[in-house]
>>> print(open('work09.cif').read())   # mmCIF, C-alpha atoms
data_target
#
loop_
_atom_site.label_atom_id
_atom_site.label_comp_id
_atom_site.auth_asym_id
_atom_site.auth_seq_id
_atom_site.Cartn_x
_atom_site.Cartn_y
_atom_site.Cartn_z
CA MET P 1147 -36.35 -57.82 -53.67
CA SER P 1148 -36.89 -55.08 -51.12
CA GLN P 1149 -35.68 -51.58 -51.95
CA SER P 1150 -33.98 -51.38 -48.55
CA VAL P 1151 -31.06 -53.50 -47.31
CA PHE P 1152 -29.94 -53.69 -43.69
CA SER P 1153 -26.22 -54.07 -44.34
CA ILE P 1154 -23.64 -54.97 -46.96
CA ALA P 1155 -19.89 -55.50 -46.78
CA PHE P 1156 -17.05 -56.73 -48.93
CA GLY P 1157 -14.36 -58.73 -47.19
CA VAL P 1158 -11.51 -61.22 -47.16
CA GLY P 1159 -11.33 -64.24 -44.91
CA THR P 1160 -10.16 -67.75 -44.13
CA ARG P 1161 -11.62 -71.12 -45.06
CA ASN P 1162 -10.58 -74.54 -43.79
CA ARG P 1163 -9.49 -77.34 -46.11
CA GLU P 1164 -13.12 -78.33 -46.68
CA GLY P 1165 -14.00 -74.83 -47.86
CA GLN P 1166 -15.89 -73.83 -44.72
CA TRP P 1167 -15.56 -70.26 -43.51
CA LEU P 1168 -13.61 -69.71 -40.28
CA GLU P 1169 -13.59 -65.89 -40.16
CA VAL P 1170 -13.97 -62.79 -42.35
CA LEU P 1171 -12.55 -59.29 -42.15
CA PHE P 1172 -14.93 -56.57 -43.39
CA PRO P 1173 -12.86 -53.35 -43.41
CA ARG P 1174 -15.70 -51.00 -44.42
CA PRO P 1175 -19.14 -52.43 -43.58
CA LEU P 1176 -22.14 -50.37 -44.61
CA LEU P 1177 -25.34 -49.95 -42.63
CA ARG P 1178 -28.49 -49.35 -44.69
CA PRO P 1179 -26.82 -48.66 -48.05
CA SER P 1180 -28.71 -46.61 -50.60
CA ALA P 1181 -30.92 -48.19 -53.25
CA VAL P 1182 -28.59 -46.71 -55.88
CA PHE P 1183 -25.66 -48.60 -54.32
CA ILE P 1184 -27.54 -51.91 -54.33
CA ASN P 1185 -28.77 -51.43 -57.90
CA ARG P 1186 -25.21 -50.85 -59.09
CA ILE P 1187 -23.85 -54.08 -57.65
CA LYS P 1188 -26.73 -56.59 -57.70
CA ASP P 1189 -26.35 -57.72 -61.31
CA ILE P 1190 -22.55 -57.96 -61.05
CA LEU P 1191 -22.84 -60.18 -57.99
CA GLY P 1192 -25.97 -62.00 -59.11
CA TYR P 1193 -27.79 -60.85 -55.98
CA THR P 1194 -31.51 -61.66 -56.09
CA GLY P 1195 -32.61 -60.63 -52.60
CA GLY P 1196 -32.63 -61.88 -49.04
CA ASN P 1197 -29.59 -62.54 -46.88
CA GLN P 1198 -26.81 -63.88 -49.10
CA VAL P 1199 -23.11 -64.69 -48.95
CA ILE P 1200 -21.58 -64.38 -52.43
CA ASP P 1201 -17.99 -65.33 -53.25
CA PHE P 1202 -16.30 -63.23 -55.92
CA ASN P 1203 -13.00 -63.32 -57.82
CA PHE P 1204 -10.59 -60.60 -58.95
CA SER P 1205 -12.55 -59.99 -62.16
CA ILE P 1206 -15.82 -59.38 -60.31
CA ALA P 1207 -14.01 -57.25 -57.74
CA SER P 1208 -12.68 -55.08 -60.56
CA ASP P 1209 -16.14 -54.76 -62.08
CA LEU P 1210 -17.59 -53.78 -58.70
CA ALA P 1211 -14.83 -51.20 -58.18
CA ARG P 1212 -15.62 -49.57 -61.51
CA ALA P 1213 -19.37 -49.59 -60.84
CA LEU P 1214 -18.92 -47.86 -57.48
CA LYS P 1215 -16.12 -45.48 -58.41
CA TYR P 1216 -18.22 -42.32 -58.37
CA ILE P 1217 -21.08 -43.19 -56.02
CA SER P 1218 -18.91 -44.76 -53.26
CA PRO P 1219 -15.17 -44.02 -53.69
CA GLU P 1220 -14.20 -45.69 -50.38
CA GLN P 1221 -15.90 -48.98 -51.30
CA SER P 1222 -14.43 -48.77 -54.79
CA ALA P 1223 -10.92 -48.36 -53.37
CA LEU P 1224 -11.46 -51.33 -51.05
CA LEU P 1225 -12.55 -53.51 -53.96
CA VAL P 1226 -9.44 -52.53 -55.92
CA ARG P 1227 -7.38 -53.91 -53.03
CA LEU P 1228 -9.55 -57.03 -52.70
CA ALA P 1229 -8.97 -57.76 -56.39
CA GLU P 1230 -5.30 -58.31 -55.46
CA SER P 1231 -6.12 -60.81 -52.68
CA HIS P 1232 -4.70 -64.34 -52.59
CA LYS P 1233 -7.23 -65.22 -49.87
CA PRO P 1234 -10.97 -65.88 -50.41
CA THR P 1235 -13.03 -62.73 -50.98
CA VAL P 1236 -16.73 -62.45 -50.25
CA ALA P 1237 -19.70 -60.11 -50.31
CA CYS P 1238 -22.18 -60.42 -47.46
CA ILE P 1239 -25.58 -58.85 -48.02
CA LEU P 1240 -28.13 -58.78 -45.20
CA GLU P 1241 -31.49 -57.60 -46.44
CA HIS P 1242 -33.01 -58.26 -43.01
CA ASP P 1243 -31.65 -58.16 -39.46
CA THR P 1244 -32.48 -61.79 -38.69
CA PRO P 1245 -30.45 -64.18 -36.49
CA PRO P 1246 -27.07 -64.90 -38.10
CA ALA P 1247 -27.11 -68.04 -40.22
CA THR P 1248 -23.62 -67.99 -41.76
CA VAL P 1249 -20.10 -67.29 -40.52
CA PRO P 1250 -19.68 -64.25 -42.82
CA GLY P 1251 -23.07 -62.94 -41.68
CA ALA P 1252 -22.12 -63.35 -38.03
CA TYR P 1253 -18.77 -61.61 -38.54
CA LEU P 1254 -20.45 -58.75 -40.38
CA LYS P 1255 -22.82 -58.16 -37.47
CA LEU P 1256 -20.01 -58.23 -34.91
CA GLN P 1257 -18.01 -55.74 -36.95
CA LEU P 1258 -21.00 -53.43 -37.33
CA ILE P 1259 -20.94 -53.11 -33.53
CA SER P 1260 -17.18 -52.71 -33.25
CA HIS P 1261 -17.15 -50.09 -36.03
CA ARG P 1262 -19.72 -48.19 -33.89
CA LEU P 1263 -22.37 -48.45 -36.60
CA CYS P 1264 -24.70 -50.32 -34.23
CA LYS P 1265 -24.77 -50.29 -30.43
CA PRO P 1266 -25.03 -53.43 -28.28
CA HIS P 1267 -28.49 -55.01 -28.42
CA GLU P 1268 -29.48 -52.95 -31.45
CA ILE P 1269 -28.71 -55.91 -33.70
CA ASN P 1270 -29.97 -59.52 -33.71
CA LEU P 1271 -27.27 -61.94 -32.55
CA THR P 1272 -29.58 -64.78 -31.49
CA ASP P 1273 -27.82 -68.20 -31.51
CA LEU P 1274 -24.53 -66.57 -32.56
CA PHE P 1275 -22.43 -69.29 -30.93
CA ASN P 1276 -24.31 -72.03 -32.79
CA VAL P 1277 -23.10 -70.49 -36.06
CA LEU P 1278 -19.48 -69.66 -35.25
CA PRO P 1279 -16.85 -72.43 -35.37
CA ASN P 1280 -14.30 -72.91 -32.62
CA VAL P 1281 -11.02 -71.66 -34.06
CA ALA P 1282 -7.33 -71.75 -33.12
CA TRP P 1283 -6.07 -68.15 -33.31
CA THR P 1284 -2.40 -68.30 -34.21
CA ASN P 1285 0.50 -66.28 -35.58
CA ARG P 1286 -0.51 -67.76 -38.94
CA GLY P 1287 -4.07 -66.52 -38.56
CA ALA P 1288 -7.24 -68.55 -37.99
CA VAL P 1289 -6.75 -72.32 -38.16
CA ASP P 1290 -9.37 -75.06 -38.03
CA ILE P 1291 -9.00 -77.08 -34.83
CA GLU P 1292 -8.68 -80.29 -36.85
CA GLU P 1293 -5.83 -78.80 -38.89
CA VAL P 1294 -3.66 -77.46 -36.05
CA ALA P 1295 -1.54 -80.58 -35.52
CA ALA P 1296 -0.59 -80.84 -39.20
CA LEU P 1297 0.31 -77.15 -39.33
CA GLN P 1298 2.38 -77.42 -36.14
CA LEU P 1299 4.43 -80.19 -37.74
CA GLU P 1300 4.76 -78.29 -41.02
CA GLU P 1301 6.03 -75.18 -39.23
CA ARG P 1302 8.56 -77.21 -37.18
CA ILE P 1303 9.90 -78.87 -40.33
CA LYS P 1304 10.45 -75.42 -41.81
CA GLY P 1305 12.27 -74.29 -38.68
CA ARG P 1306 9.45 -72.16 -37.36
CA MET P 1307 6.97 -72.31 -34.48
CA LEU P 1308 3.20 -72.17 -34.66
CA GLU P 1309 2.07 -70.03 -31.73
CA VAL P 1310 -1.53 -70.58 -30.65
CA PHE P 1311 -2.78 -67.51 -28.80
CA SER P 1312 -6.24 -68.85 -27.98
CA VAL P 1313 -8.87 -71.41 -28.94
CA ASP P 1314 -12.18 -69.59 -29.08
CA LYS P 1315 -15.21 -68.85 -31.21
CA LEU P 1316 -14.42 -65.12 -31.14
CA PRO P 1317 -11.14 -63.33 -31.90
CA LYS P 1318 -9.82 -60.21 -30.24
CA LEU P 1319 -11.25 -56.90 -31.37
CA THR P 1320 -8.02 -55.28 -32.51
CA ASP P 1321 -7.29 -57.94 -35.15
CA TYR P 1322 -10.32 -56.59 -37.02
CA VAL P 1323 -11.06 -53.06 -35.81
CA VAL P 1324 -9.02 -50.44 -33.96
CA PRO P 1325 -11.65 -47.82 -33.04
CA LYS P 1326 -10.64 -44.18 -32.96
CA GLY P 1327 -9.64 -42.54 -29.68
CA ILE P 1328 -9.26 -45.54 -27.35
CA HIS P 1329 -6.61 -47.09 -25.10
CA ILE P 1330 -6.46 -50.87 -24.58
CA ALA P 1331 -3.62 -52.14 -22.41
CA ASP P 1332 -4.16 -55.85 -23.19
CA ALA P 1333 -5.85 -56.40 -26.55
CA ALA P 1334 -6.56 -60.07 -25.79
CA ARG P 1335 -9.13 -58.98 -23.17
CA VAL P 1336 -11.48 -57.19 -25.61
CA ARG P 1337 -13.41 -59.40 -28.03
CA LEU P 1338 -14.66 -58.66 -31.51
CA GLY P 1339 -18.23 -57.38 -31.19
CA ALA P 1340 -17.34 -55.04 -28.33
CA TYR P 1341 -18.48 -51.43 -28.66
CA VAL P 1342 -15.62 -49.31 -27.33
CA GLY P 1343 -16.65 -45.66 -27.23
CA GLU P 1344 -14.21 -42.87 -28.02
CA GLY P 1345 -12.27 -41.85 -24.94
CA THR P 1346 -12.49 -45.27 -23.26
CA VAL P 1347 -9.43 -46.53 -21.41
CA VAL P 1348 -9.27 -50.30 -20.84
CA LEU P 1349 -6.56 -51.05 -18.27
CA HIS P 1350 -4.63 -54.32 -17.91
CA GLU P 1351 -7.33 -56.07 -15.87
CA GLY P 1352 -10.15 -54.60 -17.94
CA SER P 1353 -12.21 -56.87 -20.19
CA ILE P 1354 -15.11 -56.25 -22.60
CA ASN P 1355 -17.13 -59.07 -24.11
CA PHE P 1356 -19.00 -59.01 -27.43
CA ASN P 1357 -22.35 -57.19 -27.60
CA ALA P 1358 -21.26 -54.99 -24.70
CA GLY P 1359 -19.22 -51.86 -24.23
CA THR P 1360 -18.92 -48.23 -23.29
CA HIS P 1361 -20.31 -44.93 -24.49
CA GLY P 1362 -16.93 -43.27 -24.04
CA SER P 1363 -14.59 -41.46 -21.62
CA SER P 1364 -14.76 -44.33 -19.13
CA THR P 1365 -11.99 -46.20 -17.33
CA ILE P 1366 -12.41 -49.98 -17.33
CA ASP P 1367 -10.33 -52.14 -15.01
CA GLY P 1368 -13.05 -54.74 -14.43
CA TYR P 1369 -15.17 -57.11 -16.50
CA ILE P 1370 -18.04 -55.98 -18.74
CA ALA P 1371 -20.11 -59.02 -19.69
CA SER P 1372 -22.17 -59.42 -22.84
CA GLY P 1373 -25.35 -57.39 -22.49
CA VAL P 1374 -23.83 -54.53 -20.46
CA VAL P 1375 -23.35 -50.95 -21.62
CA VAL P 1376 -21.39 -48.48 -19.48
CA GLY P 1377 -22.07 -44.75 -19.68
CA ALA P 1378 -19.54 -41.98 -20.16
CA ASP P 1379 -17.18 -40.83 -17.39
CA SER P 1380 -17.70 -43.99 -15.34
CA THR P 1381 -15.05 -46.11 -13.63
CA LEU P 1382 -14.93 -49.90 -13.19
CA GLN P 1383 -12.11 -50.74 -10.82
CA GLY P 1384 -10.01 -53.89 -10.75
CA GLY P 1385 -11.76 -57.17 -10.15
CA CYS P 1386 -15.29 -55.79 -10.42
CA SER P 1387 -17.80 -57.12 -12.94
CA MET P 1388 -20.97 -56.02 -14.65
CA ALA P 1389 -23.28 -58.78 -15.83
CA SER P 1390 -26.91 -59.19 -16.79
CA SER P 1391 -29.00 -60.91 -14.11
CA GLY P 1392 -32.57 -61.45 -13.06
CA GLY P 1393 -33.64 -62.10 -16.65
CA GLN P 1394 -32.62 -58.65 -17.85
CA PRO P 1395 -31.52 -58.74 -21.52
CA LEU P 1396 -29.49 -55.54 -21.13
CA VAL P 1397 -27.77 -53.97 -18.15
CA SER P 1398 -26.70 -50.35 -18.44
CA VAL P 1399 -24.49 -48.12 -16.32
CA GLY P 1400 -25.24 -44.40 -16.27
CA HIS P 1401 -22.78 -41.54 -16.50
CA HIS P 1402 -20.27 -40.70 -13.74
CA CYS P 1403 -20.68 -44.02 -11.91
CA VAL P 1404 -17.95 -45.65 -9.79
CA ILE P 1405 -17.96 -49.42 -9.32
CA ASN P 1406 -15.22 -50.21 -6.85
CA SER P 1407 -12.86 -53.17 -6.89
CA HIS P 1408 -14.27 -56.71 -6.73
CA ALA P 1409 -17.88 -55.51 -6.77
CA ASP P 1410 -20.35 -57.57 -8.79
CA VAL P 1411 -23.35 -55.71 -10.21
CA GLY P 1412 -26.31 -57.22 -12.04
CA ILE P 1413 -28.79 -54.32 -12.24
CA SER P 1414 -28.91 -51.24 -14.41
CA LEU P 1415 -27.53 -48.15 -12.68
CA GLY P 1416 -28.61 -44.55 -13.05
CA ASN P 1417 -26.23 -41.62 -13.19
CA ARG P 1418 -23.71 -40.88 -10.42
CA ASN P 1419 -24.13 -44.24 -8.65
CA THR P 1420 -21.41 -45.69 -6.43
CA ILE P 1421 -20.97 -49.36 -5.55
CA GLU P 1422 -18.82 -50.28 -2.55
CA ALA P 1423 -15.78 -52.51 -3.03
CA GLY P 1424 -16.62 -56.20 -2.84
CA LEU P 1425 -20.40 -55.71 -2.86
CA HIS P 1426 -22.41 -58.39 -4.67
CA LEU P 1427 -25.56 -56.70 -5.98
CA THR P 1428 -28.06 -58.69 -8.07
CA ALA P 1429 -31.63 -57.96 -9.06
CA ASP P 1430 -33.07 -59.83 -6.06
CA THR P 1431 -30.59 -58.57 -3.43
CA THR P 1432 -32.50 -57.16 -0.43
CA VAL P 1433 -31.57 -53.49 0.01
CA THR P 1434 -32.42 -51.23 2.94
CA VAL P 1435 -32.90 -47.65 1.76
CA VAL P 1436 -31.80 -45.19 4.43
CA ASN P 1437 -31.60 -41.43 4.85
CA LYS P 1438 -28.53 -39.46 5.91
CA ALA P 1439 -29.46 -40.06 9.57
CA LYS P 1440 -29.21 -43.83 8.82
CA GLN P 1441 -32.95 -44.24 9.44
CA THR P 1442 -34.71 -46.91 7.40
CA ILE P 1443 -37.04 -45.57 4.72
CA LYS P 1444 -37.98 -48.86 3.07
CA VAL P 1445 -36.69 -52.34 2.26
CA VAL P 1446 -36.81 -53.35 -1.40
CA ALA P 1447 -35.26 -55.66 -3.97
CA ALA P 1448 -32.29 -54.05 -5.73
CA SER P 1449 -34.17 -54.24 -9.05
CA GLU P 1450 -36.59 -51.57 -7.75
CA LEU P 1451 -33.67 -49.13 -7.51
CA ALA P 1452 -32.44 -49.72 -11.04
CA LEU P 1453 -31.80 -46.61 -13.16
CA LEU P 1454 -32.26 -44.20 -10.24
CA ASP P 1455 -29.67 -41.43 -9.96
CA ASP P 1456 -27.32 -40.43 -7.11
CA LEU P 1457 -27.36 -43.70 -5.18
CA SER P 1458 -24.61 -45.15 -3.02
CA PHE P 1459 -24.75 -48.90 -2.35
CA TYR P 1460 -22.71 -50.33 0.53
CA ARG P 1461 -22.82 -53.02 3.22
CA ASN P 1462 -23.53 -52.03 6.82
CA THR P 1463 -20.42 -53.03 8.78
CA GLU P 1464 -22.41 -53.85 11.92
CA THR P 1465 -25.43 -55.73 10.55
CA GLY P 1466 -24.07 -56.94 7.20
CA THR P 1467 -27.19 -55.73 5.37
CA VAL P 1468 -26.91 -53.97 2.03
CA GLU P 1469 -27.91 -50.32 2.34
CA CYS P 1470 -28.58 -47.58 -0.16
CA LEU P 1471 -28.31 -43.83 0.40
CA ASN P 1472 -29.49 -41.10 -1.95
CA THR P 1473 -26.49 -38.79 -1.93
CA ALA P 1474 -28.38 -35.91 -3.56
CA GLU P 1475 -30.85 -35.46 -0.70
#
>>> encode(input="work09.cif", output="C-alpha cells")
Amino acid sequence: MSQSVFSIAFGVGTRNREGQWLEVLFPRPLLRPSAVFINRIKDILGYTGGNQVIDFNFSIASDLARALKYISPEQSALLVRLAESHKPTVACILEHDTPPATVPGAYLKLQLISHRLCKPHEINLTDLFNVLPNVAWTNRGAVDIEEVAALQLEERIKGRMLEVFSVDKLPKLTDYVVPKGIHIADAARVRLGAYVGEGTVVLHEGSINFNAGTHGSSTIDGYIASGVVVGADSTLQGGCSMASSGGQPLVSVGHHCVINSHADVGISLGNRNTIEAGLHLTADTTVTVVNKAKQTIKVVAASELALLDDLSFYRNTETGTVECLNTAE
C-alpha cells in the first residue's frame, strides 16, 4: 500500500432495495490525508490499499472516532454522529485519482470540488455518467426509478404526497454542500460538483453545471456549462451561456469580463473582455480585428484571440461580420 492517499471520506447515503448505492453525503471529505491518519484507521476498516468502498456499522464508527480523537477531532466528531445513523454508512478511500468506478467514489469526487478542495478539471471524472444511476430526487430523498411507483402509492395510503423534484443523475449542490459566502437564488439550477467561489451571486436565471464554476465575486445570470471556469468580478447576464467548444477540454473566463444577455461563448477569454448581447462566438468564428478608426488589422479565427486581455467582441451592424477591438490601445 502506498504511503500517500488521494482522498478519504466518511459518509451516509441511500441504497435501493437491491443494496445498490444511489447517493452518498460526505460532510467532511479529506484531500491527501496524512500517513498517520491512514495508519490509524486502516486496520479498523480492513483497508489494504487501492481505491475501496468499505461499509461500516456503529461499532466500527465508534472505534474510528476513538482512534482519531486527538489527531483529527473534526473527523472524530463526525464519526460519533455517524455511529447514530439509521441509514447506511460508508468509508470511501481513493488511493489514486483514477476515473470513478463506484457511486460513493463518484460522489466523493464531486463533493471535493463543491467543498473547494479541488477546482474544476483538477480531478479525474472520466465516464462519470456511466457510473451514476438515474435517480428520482424527492421530498423523501433519493429514490430508485423502479421504486417510485410503489412509494407514491405508499405515501398516498398514509395520507401524504411524494413530490418528485427531478429525475437526474446529479442532485442539486445545496442538498450536499452550502459553500461559504455565496448567494444562489434558485438552488435547483446549481448541480453538485459545481465550484462556487466565495462572493459569487447566482441570480434566478443563473445555472452552474458540475465540474464548472467561478473563482468568486462574480454575478451569474446565464449558463456555465461543464468545463467552464469564470474569473472573479465577471458578469454573465441573462440568457448567455459559456460552453466548451472546438475540442477545448476547459474554457476559462478572466477577471472583470462582461458577457451580455443571450451571448454564447465557446473560447477562453482573457481579462476585461466584453461580449456583445446575442453574439454567438465559437472557436472557429471568423473575427475581423479592427483598430479604433475601424480599420481592419487582420482576420482570424476566434480561437486565435483566446486569453487575450482588453478585447471587445461585437457584430458590425452594417456588414454583419464579427469584429474585435482592443480597448486598451
>>> resolve_selection(input="work09.cif", expression="the PyMOL selection byres ((chain P and resi 1176-1181) around 7)", output="JSON, numbers by chain")
{"P": [1149, 1150, 1151, 1152, 1153, 1154, 1155, 1174, 1175, 1182, 1183, 1184, 1185, 1263]}
>>> resolve_selection(input="work09.cif", expression="the PyMOL selection byres ((chain P and resi 1191) around 10)", output="MDAnalysis selection string")
chainID P and resid 1186:1190 1192:1194 1200:1202 1206:1207 1209:1210 1237
>>> residues_around(input="work09.cif", residues="P:Leu1254", least_positions_apart="2", cutoff="9 Å", atoms="all atoms listed in the file", output="list in words")
Ser1153, Ile1154, Ala1155, Val1170, Leu1171, Phe1172, Pro1175, Cys1238, Val1249, Pro1250, Gly1251, Ala1252, Leu1256, Gln1257, Leu1258 and Ile1259 of chain P
>>> residues_around(input="work09.cif", residues="P:Gly1362", least_positions_apart="5", cutoff="12 Å", atoms="only C-alpha atoms", output="list in words")
Arg1262, Pro1325, Lys1326, Gly1327, Ile1328, His1329, Tyr1341, Val1342, Gly1343, Glu1344, Gly1345, Thr1346, Val1347, Val1348, Val1375, Val1376, Gly1377, Ala1378, Asp1379, Ser1380, Thr1381, Val1399, Gly1400, His1401 and His1402 of chain P
>>> closest_residue(input="work09.cif", among="P:Ala1282, P:Val1435, P:Leu1396, P:Met1388", to="P:Asn1357", atoms="only C-alpha atoms")
P:Leu1396
>>> closest_residue(input="work09.cif", among="P:Leu1349, P:Leu1271, P:Ala1288, P:Leu1425", to="P:Ser1372", atoms="all atoms listed in the file")
P:Leu1271
>>> resolve_selection(input="work09.cif", expression="the PyMOL selection byres ((chain P and resi 1397) around 12)", output="ChimeraX atom specification")
/P:1266-1267,1357-1360,1370-1377,1387-1396,1398-1400,1411-1416,1428-1429,1449,1452-1453
>>> closest_residue(input="work09.cif", among="P:Leu1457, P:Ile1354, P:Ala1331, P:Val1199", to="P:Glu1241", atoms="only C-alpha atoms")
P:Val1199
>>> atom_distance(input="work09.cif", atom1="atom CA of P:Val1323", atom2="atom CA of P:Gly1339")
9.6 Å
>>> closest_residue(input="work09.cif", among="P:Ile1330, P:Leu1224, P:Val1289, P:Val1294", to="P:Thr1160", atoms="all atoms listed in the file")
P:Val1289
>>> closest_residue(input="work09.cif", among="P:Ile1217, P:Ile1291, P:Leu1225, P:Leu1454", to="P:Ala1474", atoms="all atoms listed in the file")
P:Leu1454
>>> residues_around(input="work09.cif", residues="P:Tyr1460", least_positions_apart="5", cutoff="7 Å", atoms="all atoms listed in the file", output="JSON, numbers by chain")
{"P": [1421, 1422, 1425, 1468, 1469, 1470]}
>>> axis_aligned_box(input="work09.cif", around="stretch 1364-1371 of chain P", padding_each_side="6 Å", output="AutoDock Vina command-line options")
--center_x -15.2 --center_y -51.7 --center_z -17.1 --size_x 21.8 --size_y 26.7 --size_z 17.3
>>> atom_distance(input="work09.cif", atom1="atom CA of P:Ile1269", atom2="atom CA of P:Ala1340")
12.6 Å
>>> residues_around(input="work09.cif", residues="P:Arg1161", least_positions_apart="5", cutoff="9 Å", atoms="only C-alpha atoms", output="PyMOL selection string")
chain P and resi 1166-1169+1233-1234+1288-1290
>>> residues_near_point(input="work09.cif", point="(-12.7, -45.7, -7.1)", cutoff="8 Å", atoms="only C-alpha atoms", output="list in words")
Thr1381, Leu1382, Gln1383, Val1404, Ile1405, Asn1406 and Ser1407 of chain P
>>> build_atoms(input="work09.cif", residues="stretch 1374-1381 of chain P", atoms="all heavy atoms", output="short mmCIF file (atom, residue, chain, number, x, y, z; two decimals), in the coordinates of the input")
data_model
loop_
_atom_site.label_atom_id
_atom_site.label_comp_id
_atom_site.auth_asym_id
_atom_site.auth_seq_id
_atom_site.Cartn_x
_atom_site.Cartn_y
_atom_site.Cartn_z
N VAL P 1374 -24.03 -55.68 -21.36
CA VAL P 1374 -23.83 -54.53 -20.46
C VAL P 1374 -23.27 -53.35 -21.24
O VAL P 1374 -22.35 -53.51 -22.03
CB VAL P 1374 -22.87 -54.89 -19.30
CG1 VAL P 1374 -22.60 -53.67 -18.43
CG2 VAL P 1374 -23.45 -56.04 -18.47
N VAL P 1375 -23.84 -52.18 -21.00
CA VAL P 1375 -23.35 -50.95 -21.62
C VAL P 1375 -23.05 -49.94 -20.52
O VAL P 1375 -23.91 -49.65 -19.69
CB VAL P 1375 -24.37 -50.36 -22.61
CG1 VAL P 1375 -23.82 -49.08 -23.23
CG2 VAL P 1375 -24.71 -51.36 -23.70
N VAL P 1376 -21.83 -49.41 -20.51
CA VAL P 1376 -21.39 -48.48 -19.48
C VAL P 1376 -21.40 -47.06 -20.03
O VAL P 1376 -20.90 -46.80 -21.13
CB VAL P 1376 -19.96 -48.84 -19.00
CG1 VAL P 1376 -19.45 -47.81 -18.00
CG2 VAL P 1376 -19.97 -50.23 -18.38
N GLY P 1377 -21.97 -46.14 -19.27
CA GLY P 1377 -22.07 -44.75 -19.68
C GLY P 1377 -20.75 -44.02 -19.61
O GLY P 1377 -19.75 -44.52 -19.09
N ALA P 1378 -20.75 -42.79 -20.11
CA ALA P 1378 -19.54 -41.98 -20.16
C ALA P 1378 -19.10 -41.55 -18.76
O ALA P 1378 -19.91 -41.41 -17.85
CB ALA P 1378 -19.76 -40.76 -21.04
N ASP P 1379 -17.79 -41.35 -18.63
CA ASP P 1379 -17.18 -40.83 -17.39
C ASP P 1379 -17.43 -41.73 -16.19
O ASP P 1379 -17.52 -41.25 -15.05
CB ASP P 1379 -17.69 -39.41 -17.10
CG ASP P 1379 -17.36 -38.45 -18.22
OD1 ASP P 1379 -16.20 -38.44 -18.67
OD2 ASP P 1379 -18.27 -37.74 -18.68
N SER P 1380 -17.55 -43.03 -16.43
CA SER P 1380 -17.70 -43.99 -15.34
C SER P 1380 -16.40 -44.76 -15.15
O SER P 1380 -15.55 -44.80 -16.04
CB SER P 1380 -18.85 -44.96 -15.63
OG SER P 1380 -20.10 -44.29 -15.58
N THR P 1381 -16.26 -45.37 -13.95
CA THR P 1381 -15.05 -46.11 -13.63
C THR P 1381 -15.41 -47.49 -13.10
O THR P 1381 -16.20 -47.60 -12.16
CB THR P 1381 -14.21 -45.37 -12.58
OG1 THR P 1381 -13.85 -44.08 -13.09
CG2 THR P 1381 -12.95 -46.15 -12.23
#
